[in-house]
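> The structure's right below; bear with me while I get my questions together.
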2 protein chains.
Amino acid sequence: MKVVTTIADMQEARQRLTAPVGLVPTMGYLHEGHLSLVSQARAENPSLVVTIFVNPTQFGPREDFKAYPRDTEHDLALLEKEKTDIVFIPPAKEMYPPGFDSWVEIAGVTERLEGACRPGHFRGVTTVCAKLFNIIQPDIAYFGQKDAQQAIVIKKMVADLNMNLKVVTLPTVREPDGLAMSSRNTYLNPEERKAALVLYQALTLAQKLWAAGDTDADKIRREMLALIKREPRAKIDYVSLADPETLEELGRVKTPALASLAVKIGTTRLIDNVVLE
Amino acid sequence: MKVVTTIADMQEARQRLTAPVGLVPTMGYLHEGHLSLVSQARAENPSLVVTIFVNPTQFGPREDFKAYPRDTEHDLALLEKEKTDIVFIPPAKEMYPPGFDSWVEIAGVTERLEGACRPGHFRGVTTVCAKLFNIIQPDIAYFGQKDAQQAIVIKKMVADLNMNLKVVTLPTVREPDGLAMSSRNTYLNPEERKAALVLYQALTLAQKLWAAGDTDADKIRREMLALIKREPRAKIDYVSLADPETLEELGRVKTPALASLAVKIGTTRLIDNVVLE
């Protein structure tokens with residue numbers, strides 16, 4: 001496993017890889033969700049690149065960029081075990097040198113949900129992904145369904161800008177009790193960890209109502225909201241039942257529909273989603 | 001010479017080209033300025049792709065998108081003579097299908113000069129160039145110095161977003177009397193054609209003043225303005241003496257400096273520039 005920190009070294013190393021090249025872009029602090037992407041990418045491609053980059057431009061000024069958990073040594077051990085070919089860990093200055101001022105912006109789907117709560121977030125995500133795709137030139141890039149809107153936005157960017165790669169989304173990996181794996185779960189104290197279950201419970205409720213024949217999206221959203229409000233540690237950012245391509249809120253649920261939510265548990269903001277189908 | 005109109009056909013044709021691939025992106029209605037790019041690209045690369053696309057997104061709502069001159073048959077004859085390998089002429093719907101909403105935006109250098117006069121212009125230019133670069137994957141792309149700011153903006157995009165190609169700028173080609181070649185010169189009637197010389201005369205004046213030891217940028221700009229104002233058909237958009245990288249206006253001229261201007265002759269907006277060095 002080769003660890004590279006400069007763009008020039010990454011580009012040089014890329015030239016010696018056998019195609020197809022699989023890429024898993026991460027912000028590190030790897031958990032089983034990341035590892036499911038890495039192991040699928042490993043199985044599907046002769047070459048595997050993983051990036052670890054806590055991307056400053058996708059964090060708002062009051063968000064947790066500085067606090068975001070980091071453990072590069074542990075990440076590298078995990079990636080070594082997965083037989084990763086190259087790990088690209090650039091410092092922020094390598095990706096954003098002085099005078100940097102070019103941005104990839106997707107309109108429409110970025111304006112809702114996470115985009116509405118976190119202005120500028122997706123501009124940071126799409127810009128850094130465009131850069132990583134240009135540097136690494138993967139044939140397939142792997143993203144987790146946990147960040148459903150992110151995957152939708154990146155697929156739209158790749159299609160609209162004719163980027164020469166395939167984007168694959170893999171299922172959310174959950175703890176045994178249902179909590180979606182997230183590097184931010186580490187922020188939760190034991191009481192909050194219990195309270196955080198409310199996200200998955202609300203999504204499970206939506207699935208049950210839908211399976212029982214409910215198609216009134218407002219009613220399903222109301223019941224989800226009511227369930228979450230019973231948890232005193234929870235503060236709701238949004239609860240959504242939307243078209244999984246446009247992210248427009250539905251009046252009547254028709255499959256597939258994306259049930260998604262963002263909830264603060266204490267000071268920790270968590271997101272999760274399920275697809276009704 | 002192969003003429004292709006769909007992105008899929010272009011991508012397929014690209015796979016059979018021998019690297020390095022030279023690209024000359026144009027809006028058609030080719031003149032000797034374009035042909036100097038084509039012939040240099042031909043000489044430097046085993047494979048040559050030329051694109052003809054009047055890009056709607058780089059025209060403002062009150063600009064000349066519809067009137068912009070087109071003569072594909074003549075263009076193809078010229079490109080055939082230059083031994084072009086592939087001409088890519090996509091219809092607008094191929095490049096901007098319904099729902100298209102992804103943009104590449106360069107801040108800073110796009111806010112001055114042409115960017116200030118033509119809001120959204122450079123967003124259209126960088127977005128279409130990003131798309132063409134992704135589709136065609138050239139090793140070298142050739143642009144004319146006549147659109148000096150465009151070349152600067154594209155170089156910045158390529159550097160900031162780590163696009164995997166080299167951008168080359170070639171000198172402005174002029175008519176014998178000094179008028180810079182431009183597809184828009186076709187809009188000029190005989191009187192306007194004479195009046196249009198004022199652009200080059202003002203730039204020549206700047207060169208002379210600089211060569212004679214003048215370093216006061218304000219004074220040089222004032223003399224250029226005075227010269228242009230003596231031409232009754234001319235209406236000035238801007239006259240600039242700027243740093244050729246940042247496009248910041250200079251107080252004191254130091255080389256290299258970019259002397260550039262935009263002037264309307266009748267209803268035809270023309271631009272030109274020279275580098276003082």
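As shown in the structure tokens, the chain order sets the letters A, B, ...; within each chain, residues go from 1, and ligands are also counted from 1 in the order they appear.
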Report as JSON lines the residues of chain B within 8 Å of chain A, each with its shortest atom pair and distance in Å (one decimal), using only C-alpha atoms, ordered by chain and increasing residue number.

{"residue": "B:Tyr96", "atom": "CA", "partner": "A:Asp160", "partner_atom": "CA", "distance": 7.8}
{"residue": "B:Phe100", "atom": "CA", "partner": "A:Asp160", "partner_atom": "CA", "distance": 6.0}
{"residue": "B:Asp101", "atom": "CA", "partner": "A:Ala107", "partner_atom": "CA", "distance": 5.4}
{"residue": "B:Ser102", "atom": "CA", "partner": "A:Ile106", "partner_atom": "CA", "distance": 4.2}
{"residue": "B:Trp103", "atom": "CA", "partner": "A:Glu105", "partner_atom": "CA", "distance": 5.1}
{"residue": "B:Val104", "atom": "CA", "partner": "A:Val104", "partner_atom": "CA", "distance": 4.5}
{"residue": "B:Glu105", "atom": "CA", "partner": "A:Trp103", "partner_atom": "CA", "distance": 5.1}
{"residue": "B:Ile106", "atom": "CA", "partner": "A:Ser102", "partner_atom": "CA", "distance": 4.2}
{"residue": "B:Ala107", "atom": "CA", "partner": "A:Asp101", "partner_atom": "CA", "distance": 5.4}
{"residue": "B:Gly108", "atom": "CA", "partner": "A:Asp101", "partner_atom": "CA", "distance": 6.9}
{"residue": "B:Thr127", "atom": "CA", "partner": "A:Leu161", "partner_atom": "CA", "distance": 7.7}
{"residue": "B:Ala130", "atom": "CA", "partner": "A:Leu161", "partner_atom": "CA", "distance": 6.9}
{"residue": "B:Lys131", "atom": "CA", "partner": "A:Leu161", "partner_atom": "CA", "distance": 5.0}
{"residue": "B:Asn134", "atom": "CA", "partner": "A:Met163", "partner_atom": "CA", "distance": 5.5}
{"residue": "B:Ile135", "atom": "CA", "partner": "A:Asn162", "partner_atom": "CA", "distance": 6.1}
{"residue": "B:Lys156", "atom": "CA", "partner": "A:Ser102", "partner_atom": "CA", "distance": 7.6}
{"residue": "B:Met157", "atom": "CA", "partner": "A:Ser102", "partner_atom": "CA", "distance": 6.0}
{"residue": "B:Asp160", "atom": "CA", "partner": "A:Phe100", "partner_atom": "CA", "distance": 6.0}
{"residue": "B:Leu161", "atom": "CA", "partner": "A:Lys131", "partner_atom": "CA", "distance": 5.0}
{"residue": "B:Asn162", "atom": "CA", "partner": "A:Lys131", "partner_atom": "CA", "distance": 5.7}
{"residue": "B:Met163", "atom": "CA", "partner": "A:Asn134", "partner_atom": "CA", "distance": 5.5}
{"residue": "B:Asn164", "atom": "CA", "partner": "A:Asn134", "partner_atom": "CA", "distance": 6.6}
> What's around Ala257 of chain A at 8 Å? Count only C-alpha atoms, leave out sequence neighbours fewer than 4 positions away in its own chain, and write the answer as number ranges by chain.
A: 241-244, 253, 275-277
> Give chain A as a short mmCIF file (atom, residue, chain, number, x, y, z; two decimals) with C-alpha atoms, in the first residue's frame once it has been least-squares superposed onto chain B over every C-alpha atom, paired in order.

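Here's the written file result21.cif:
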data_model
loop_
_atom_site.label_atom_id
_atom_site.label_comp_id
_atom_site.auth_asym_id
_atom_site.auth_seq_id
_atom_site.Cartn_x
_atom_site.Cartn_y
_atom_site.Cartn_z
CA MET A 1 -12.19 13.72 -41.29
CA LYS A 2 -14.97 12.44 -39.10
CA VAL A 3 -17.89 14.71 -38.15
CA VAL A 4 -19.72 13.67 -34.99
CA THR A 5 -22.73 15.27 -33.35
CA THR A 6 -23.40 13.16 -30.26
CA ILE A 7 -21.39 12.93 -27.03
CA ALA A 8 -21.46 9.13 -27.18
CA ASP A 9 -20.02 9.10 -30.71
CA MET A 10 -17.37 11.62 -29.72
CA GLN A 11 -16.35 9.51 -26.72
CA GLU A 12 -16.16 6.41 -28.86
CA ALA A 13 -14.13 8.15 -31.56
CA ARG A 14 -11.80 9.54 -28.87
CA GLN A 15 -10.86 6.04 -27.77
CA ARG A 16 -9.35 5.32 -31.18
CA LEU A 17 -7.19 8.46 -31.32
CA THR A 18 -3.43 8.32 -30.82
CA ALA A 19 -2.23 10.52 -27.96
CA PRO A 20 -1.40 13.34 -27.58
CA VAL A 21 -4.72 14.79 -28.68
CA GLY A 22 -4.92 18.49 -29.54
CA LEU A 23 -8.23 20.32 -29.16
CA VAL A 24 -9.35 23.62 -30.67
CA PRO A 25 -12.75 24.62 -29.24
CA THR A 26 -14.55 27.16 -31.45
CA MET A 27 -17.95 28.70 -32.04
CA GLY A 28 -17.46 28.23 -35.78
CA TYR A 29 -17.55 30.83 -38.57
CA LEU A 30 -13.86 30.18 -38.75
CA HIS A 31 -11.35 32.85 -39.72
CA GLU A 32 -7.57 32.94 -39.90
CA GLY A 33 -7.36 33.37 -36.13
CA HIS A 34 -9.02 29.99 -35.60
CA LEU A 35 -7.00 28.46 -38.41
CA SER A 36 -3.72 29.52 -36.79
CA LEU A 37 -4.81 27.53 -33.71
CA VAL A 38 -5.88 24.58 -35.82
CA SER A 39 -2.67 24.51 -37.81
CA GLN A 40 -0.47 24.74 -34.68
CA ALA A 41 -2.52 22.01 -32.98
CA ARG A 42 -2.20 19.89 -36.13
CA ALA A 43 1.57 20.33 -36.20
CA GLU A 44 2.01 19.46 -32.51
CA ASN A 45 -0.26 16.43 -32.12
CA PRO A 46 -0.85 13.14 -33.89
CA SER A 47 -4.58 13.66 -33.27
CA LEU A 48 -6.62 16.81 -33.73
CA VAL A 49 -10.18 17.49 -32.60
CA VAL A 50 -11.98 20.75 -33.41
CA THR A 51 -15.34 21.59 -31.86
CA ILE A 52 -17.93 23.93 -33.34
CA PHE A 53 -20.54 24.93 -30.80
CA VAL A 54 -22.23 28.31 -30.45
CA ASN A 55 -22.61 27.95 -26.70
CA PRO A 56 -25.93 29.48 -25.58
CA THR A 57 -24.94 29.71 -21.89
CA GLN A 58 -22.18 32.21 -22.51
CA PHE A 59 -24.50 34.74 -24.15
CA GLY A 60 -26.54 37.17 -22.08
CA PRO A 61 -30.29 37.47 -22.74
CA ARG A 62 -29.77 40.68 -24.76
CA GLU A 63 -26.69 39.48 -26.60
CA ASP A 64 -26.23 38.15 -30.12
CA PHE A 65 -26.71 34.39 -29.67
CA LYS A 66 -29.34 34.14 -32.41
CA ALA A 67 -27.54 36.52 -34.76
CA TYR A 68 -24.11 34.98 -34.19
CA PRO A 69 -22.80 34.07 -37.67
CA ARG A 70 -22.82 30.40 -38.66
CA ASP A 71 -21.52 28.64 -41.79
CA THR A 72 -20.91 25.01 -40.97
CA GLU A 73 -20.35 23.91 -44.56
CA HIS A 74 -17.56 26.43 -45.08
CA ASP A 75 -16.07 25.61 -41.64
CA LEU A 76 -15.95 21.91 -42.48
CA ALA A 77 -14.23 22.59 -45.80
CA LEU A 78 -11.56 24.64 -44.02
CA LEU A 79 -11.08 21.98 -41.33
CA GLU A 80 -10.84 19.24 -43.93
CA LYS A 81 -8.07 21.19 -45.63
CA GLU A 82 -6.24 21.44 -42.26
CA LYS A 83 -6.44 17.64 -41.95
CA THR A 84 -8.57 17.70 -38.81
CA ASP A 85 -9.26 14.18 -37.50
CA ILE A 86 -12.57 14.81 -35.77
CA VAL A 87 -15.01 17.71 -35.82
CA PHE A 88 -17.48 17.66 -32.93
CA ILE A 89 -20.64 19.69 -33.66
CA PRO A 90 -23.21 18.89 -30.98
CA PRO A 91 -26.68 20.41 -31.03
CA ALA A 92 -27.47 22.55 -27.96
CA LYS A 93 -29.81 19.88 -26.56
CA GLU A 94 -26.98 17.36 -26.58
CA MET A 95 -24.82 19.60 -24.41
CA TYR A 96 -27.64 20.96 -22.25
CA PRO A 97 -30.36 18.32 -21.92
CA PRO A 98 -33.57 19.14 -19.99
CA GLY A 99 -32.81 19.46 -16.28
CA PHE A 100 -29.16 20.43 -16.84
CA ASP A 101 -28.08 22.47 -13.82
CA SER A 102 -24.36 22.05 -13.08
CA TRP A 103 -21.91 24.90 -13.41
CA VAL A 104 -18.21 25.55 -13.16
CA GLU A 105 -17.58 29.01 -11.79
CA ILE A 106 -14.28 30.79 -11.40
CA ALA A 107 -14.44 33.76 -9.03
CA GLY A 108 -11.98 36.66 -8.87
CA VAL A 109 -10.59 37.02 -12.40
CA THR A 110 -14.07 36.61 -13.89
CA GLU A 111 -15.44 39.62 -12.05
CA ARG A 112 -13.54 42.24 -14.04
CA LEU A 113 -13.55 43.50 -17.66
CA GLU A 114 -15.62 41.10 -19.81
CA GLY A 115 -17.07 39.47 -16.69
CA ALA A 116 -18.26 42.84 -15.37
CA CYS A 117 -19.82 43.80 -18.74
CA ARG A 118 -21.29 40.36 -19.45
CA PRO A 119 -22.67 38.80 -16.24
CA GLY A 120 -22.72 35.00 -16.47
CA HIS A 121 -20.56 34.97 -19.61
CA PHE A 122 -17.58 33.21 -18.06
CA ARG A 123 -19.75 30.74 -16.18
CA GLY A 124 -21.01 29.64 -19.59
CA VAL A 125 -17.49 29.53 -21.02
CA THR A 126 -15.97 27.52 -18.17
CA THR A 127 -18.91 25.15 -17.96
CA VAL A 128 -18.85 24.33 -21.66
CA CYS A 129 -15.05 24.00 -21.67
CA ALA A 130 -15.17 21.66 -18.65
CA LYS A 131 -17.73 19.56 -20.50
CA LEU A 132 -15.70 19.53 -23.74
CA PHE A 133 -12.51 18.67 -21.85
CA ASN A 134 -14.29 15.80 -20.07
CA ILE A 135 -15.81 14.47 -23.28
CA ILE A 136 -12.74 14.82 -25.51
CA GLN A 137 -9.95 14.44 -22.94
CA PRO A 138 -7.40 16.45 -24.89
CA ASP A 139 -3.76 16.63 -23.89
CA ILE A 140 -3.49 20.22 -25.12
CA ALA A 141 -6.23 22.77 -25.76
CA TYR A 142 -5.54 25.86 -27.88
CA PHE A 143 -7.07 29.29 -27.30
CA GLY A 144 -6.52 32.66 -28.95
CA GLN A 145 -4.89 35.59 -27.17
CA LYS A 146 -7.63 37.82 -28.66
CA ASP A 147 -9.90 36.60 -25.86
CA ALA A 148 -7.19 37.27 -23.28
CA GLN A 149 -9.39 37.09 -20.21
CA GLN A 150 -11.01 33.87 -21.44
CA ALA A 151 -7.59 32.24 -21.70
CA ILE A 152 -6.67 33.44 -18.20
CA VAL A 153 -9.94 32.12 -16.77
CA ILE A 154 -9.58 28.74 -18.45
CA LYS A 155 -6.00 28.36 -17.28
CA LYS A 156 -7.15 29.14 -13.75
CA MET A 157 -9.97 26.58 -13.99
CA VAL A 158 -7.59 23.90 -15.25
CA ALA A 159 -5.07 24.62 -12.49
CA ASP A 160 -7.57 24.96 -9.62
CA LEU A 161 -9.63 21.92 -10.57
CA ASN A 162 -6.59 19.81 -11.51
CA MET A 163 -7.81 19.12 -15.03
CA ASN A 164 -5.43 16.86 -16.84
CA LEU A 165 -4.46 18.98 -19.86
CA LYS A 166 -2.25 21.84 -20.94
CA VAL A 167 -3.75 25.12 -22.15
CA VAL A 168 -1.86 26.98 -24.84
CA THR A 169 -2.56 30.57 -25.94
CA LEU A 170 -1.54 31.70 -29.43
CA PRO A 171 -1.13 35.26 -30.73
CA THR A 172 -4.01 37.30 -32.08
CA VAL A 173 -4.21 37.23 -35.87
CA ARG A 174 -4.92 40.63 -37.42
CA GLU A 175 -6.15 42.02 -40.73
CA PRO A 176 -3.42 43.89 -42.68
CA ASP A 177 -4.62 47.18 -41.15
CA GLY A 178 -4.45 45.84 -37.59
CA LEU A 179 -8.07 44.90 -36.84
CA ALA A 180 -8.13 41.70 -34.77
CA MET A 181 -9.80 38.82 -36.60
CA SER A 182 -13.23 38.09 -35.12
CA SER A 183 -16.33 36.31 -36.34
CA ARG A 184 -18.23 39.42 -35.20
CA ASN A 185 -16.37 41.62 -37.72
CA THR A 186 -18.93 40.36 -40.22
CA TYR A 187 -21.53 42.55 -38.49
CA LEU A 188 -19.66 45.74 -39.49
CA ASN A 189 -20.73 47.86 -42.46
CA PRO A 190 -17.94 49.57 -44.45
CA GLU A 191 -17.97 52.75 -42.34
CA GLU A 192 -17.98 50.76 -39.11
CA ARG A 193 -15.19 48.57 -40.44
CA LYS A 194 -13.05 51.70 -40.78
CA ALA A 195 -14.12 53.01 -37.38
CA ALA A 196 -13.25 49.65 -35.78
CA LEU A 197 -9.58 50.38 -36.39
CA VAL A 198 -9.74 52.64 -33.36
CA LEU A 199 -9.32 49.62 -31.04
CA TYR A 200 -5.95 48.68 -32.46
CA GLN A 201 -4.91 52.31 -32.70
CA ALA A 202 -5.57 52.81 -28.98
CA LEU A 203 -3.58 49.67 -28.13
CA THR A 204 -0.73 50.78 -30.39
CA LEU A 205 -0.76 54.13 -28.63
CA ALA A 206 -0.43 52.38 -25.25
CA GLN A 207 2.53 50.42 -26.58
CA LYS A 208 4.19 53.59 -27.87
CA LEU A 209 3.69 55.49 -24.61
CA TRP A 210 5.04 52.54 -22.63
CA ALA A 211 8.01 52.15 -25.01
CA ALA A 212 8.73 55.88 -24.62
CA GLY A 213 9.03 55.42 -20.85
CA ASP A 214 5.54 56.29 -19.62
CA THR A 215 4.63 54.17 -16.56
CA ASP A 216 1.62 56.14 -15.30
CA ALA A 217 -1.24 53.76 -16.07
CA ASP A 218 -3.90 56.43 -15.55
CA LYS A 219 -2.24 58.71 -18.05
CA ILE A 220 -1.96 55.93 -20.64
CA ARG A 221 -5.60 54.95 -20.12
CA ARG A 222 -6.67 58.61 -20.46
CA GLU A 223 -4.82 58.97 -23.75
CA MET A 224 -6.33 55.75 -25.06
CA LEU A 225 -9.82 56.93 -24.05
CA ALA A 226 -9.27 60.30 -25.71
CA LEU A 227 -8.18 58.64 -28.95
CA ILE A 228 -11.25 56.38 -29.01
CA LYS A 229 -13.61 59.24 -28.18
CA ARG A 230 -12.55 61.03 -31.33
CA GLU A 231 -14.31 58.26 -33.28
CA PRO A 232 -18.04 59.12 -33.28
CA ARG A 233 -19.15 55.53 -34.03
CA ALA A 234 -17.30 54.17 -30.97
CA LYS A 235 -18.87 53.62 -27.54
CA ILE A 236 -16.43 52.49 -24.88
CA ASP A 237 -17.22 49.60 -22.50
CA TYR A 238 -13.81 49.66 -20.82
CA VAL A 239 -10.16 50.49 -21.35
CA SER A 240 -7.86 48.59 -19.00
CA LEU A 241 -4.20 48.33 -18.06
CA ALA A 242 -4.06 45.37 -15.75
CA ASP A 243 -1.94 42.66 -14.22
CA PRO A 244 -2.12 39.81 -16.76
CA GLU A 245 -2.75 37.17 -14.08
CA THR A 246 -5.10 38.78 -11.59
CA LEU A 247 -6.51 41.41 -14.00
CA GLU A 248 -6.25 43.99 -11.25
CA GLU A 249 -5.92 47.50 -12.66
CA LEU A 250 -2.41 48.90 -12.41
CA GLY A 251 -1.42 52.26 -11.01
CA ARG A 252 2.09 52.04 -12.30
CA VAL A 253 2.77 49.92 -15.40
CA LYS A 254 5.25 47.12 -14.90
CA THR A 255 5.78 44.40 -17.45
CA PRO A 256 4.11 42.26 -18.41
CA ALA A 257 0.91 44.30 -18.39
CA LEU A 258 -2.28 43.57 -20.29
CA ALA A 259 -3.73 46.52 -22.21
CA SER A 260 -7.25 45.55 -23.19
CA LEU A 261 -10.47 47.17 -24.26
CA ALA A 262 -14.05 46.59 -25.29
CA VAL A 263 -15.68 49.07 -27.63
CA LYS A 264 -19.00 49.08 -29.41
CA ILE A 265 -18.83 50.16 -33.03
CA GLY A 266 -22.44 50.85 -33.89
CA THR A 267 -24.20 47.82 -32.40
CA THR A 268 -21.17 45.51 -32.70
CA ARG A 269 -19.19 44.93 -29.52
CA LEU A 270 -15.50 44.27 -30.23
CA ILE A 271 -12.62 43.42 -27.89
CA ASP A 272 -8.87 43.48 -28.38
CA ASN A 273 -5.67 43.56 -26.33
CA VAL A 274 -1.90 43.69 -26.43
CA VAL A 275 0.60 42.65 -23.80
CA LEU A 276 3.11 45.34 -22.85
CA GLU A 277 6.40 43.61 -22.21
#
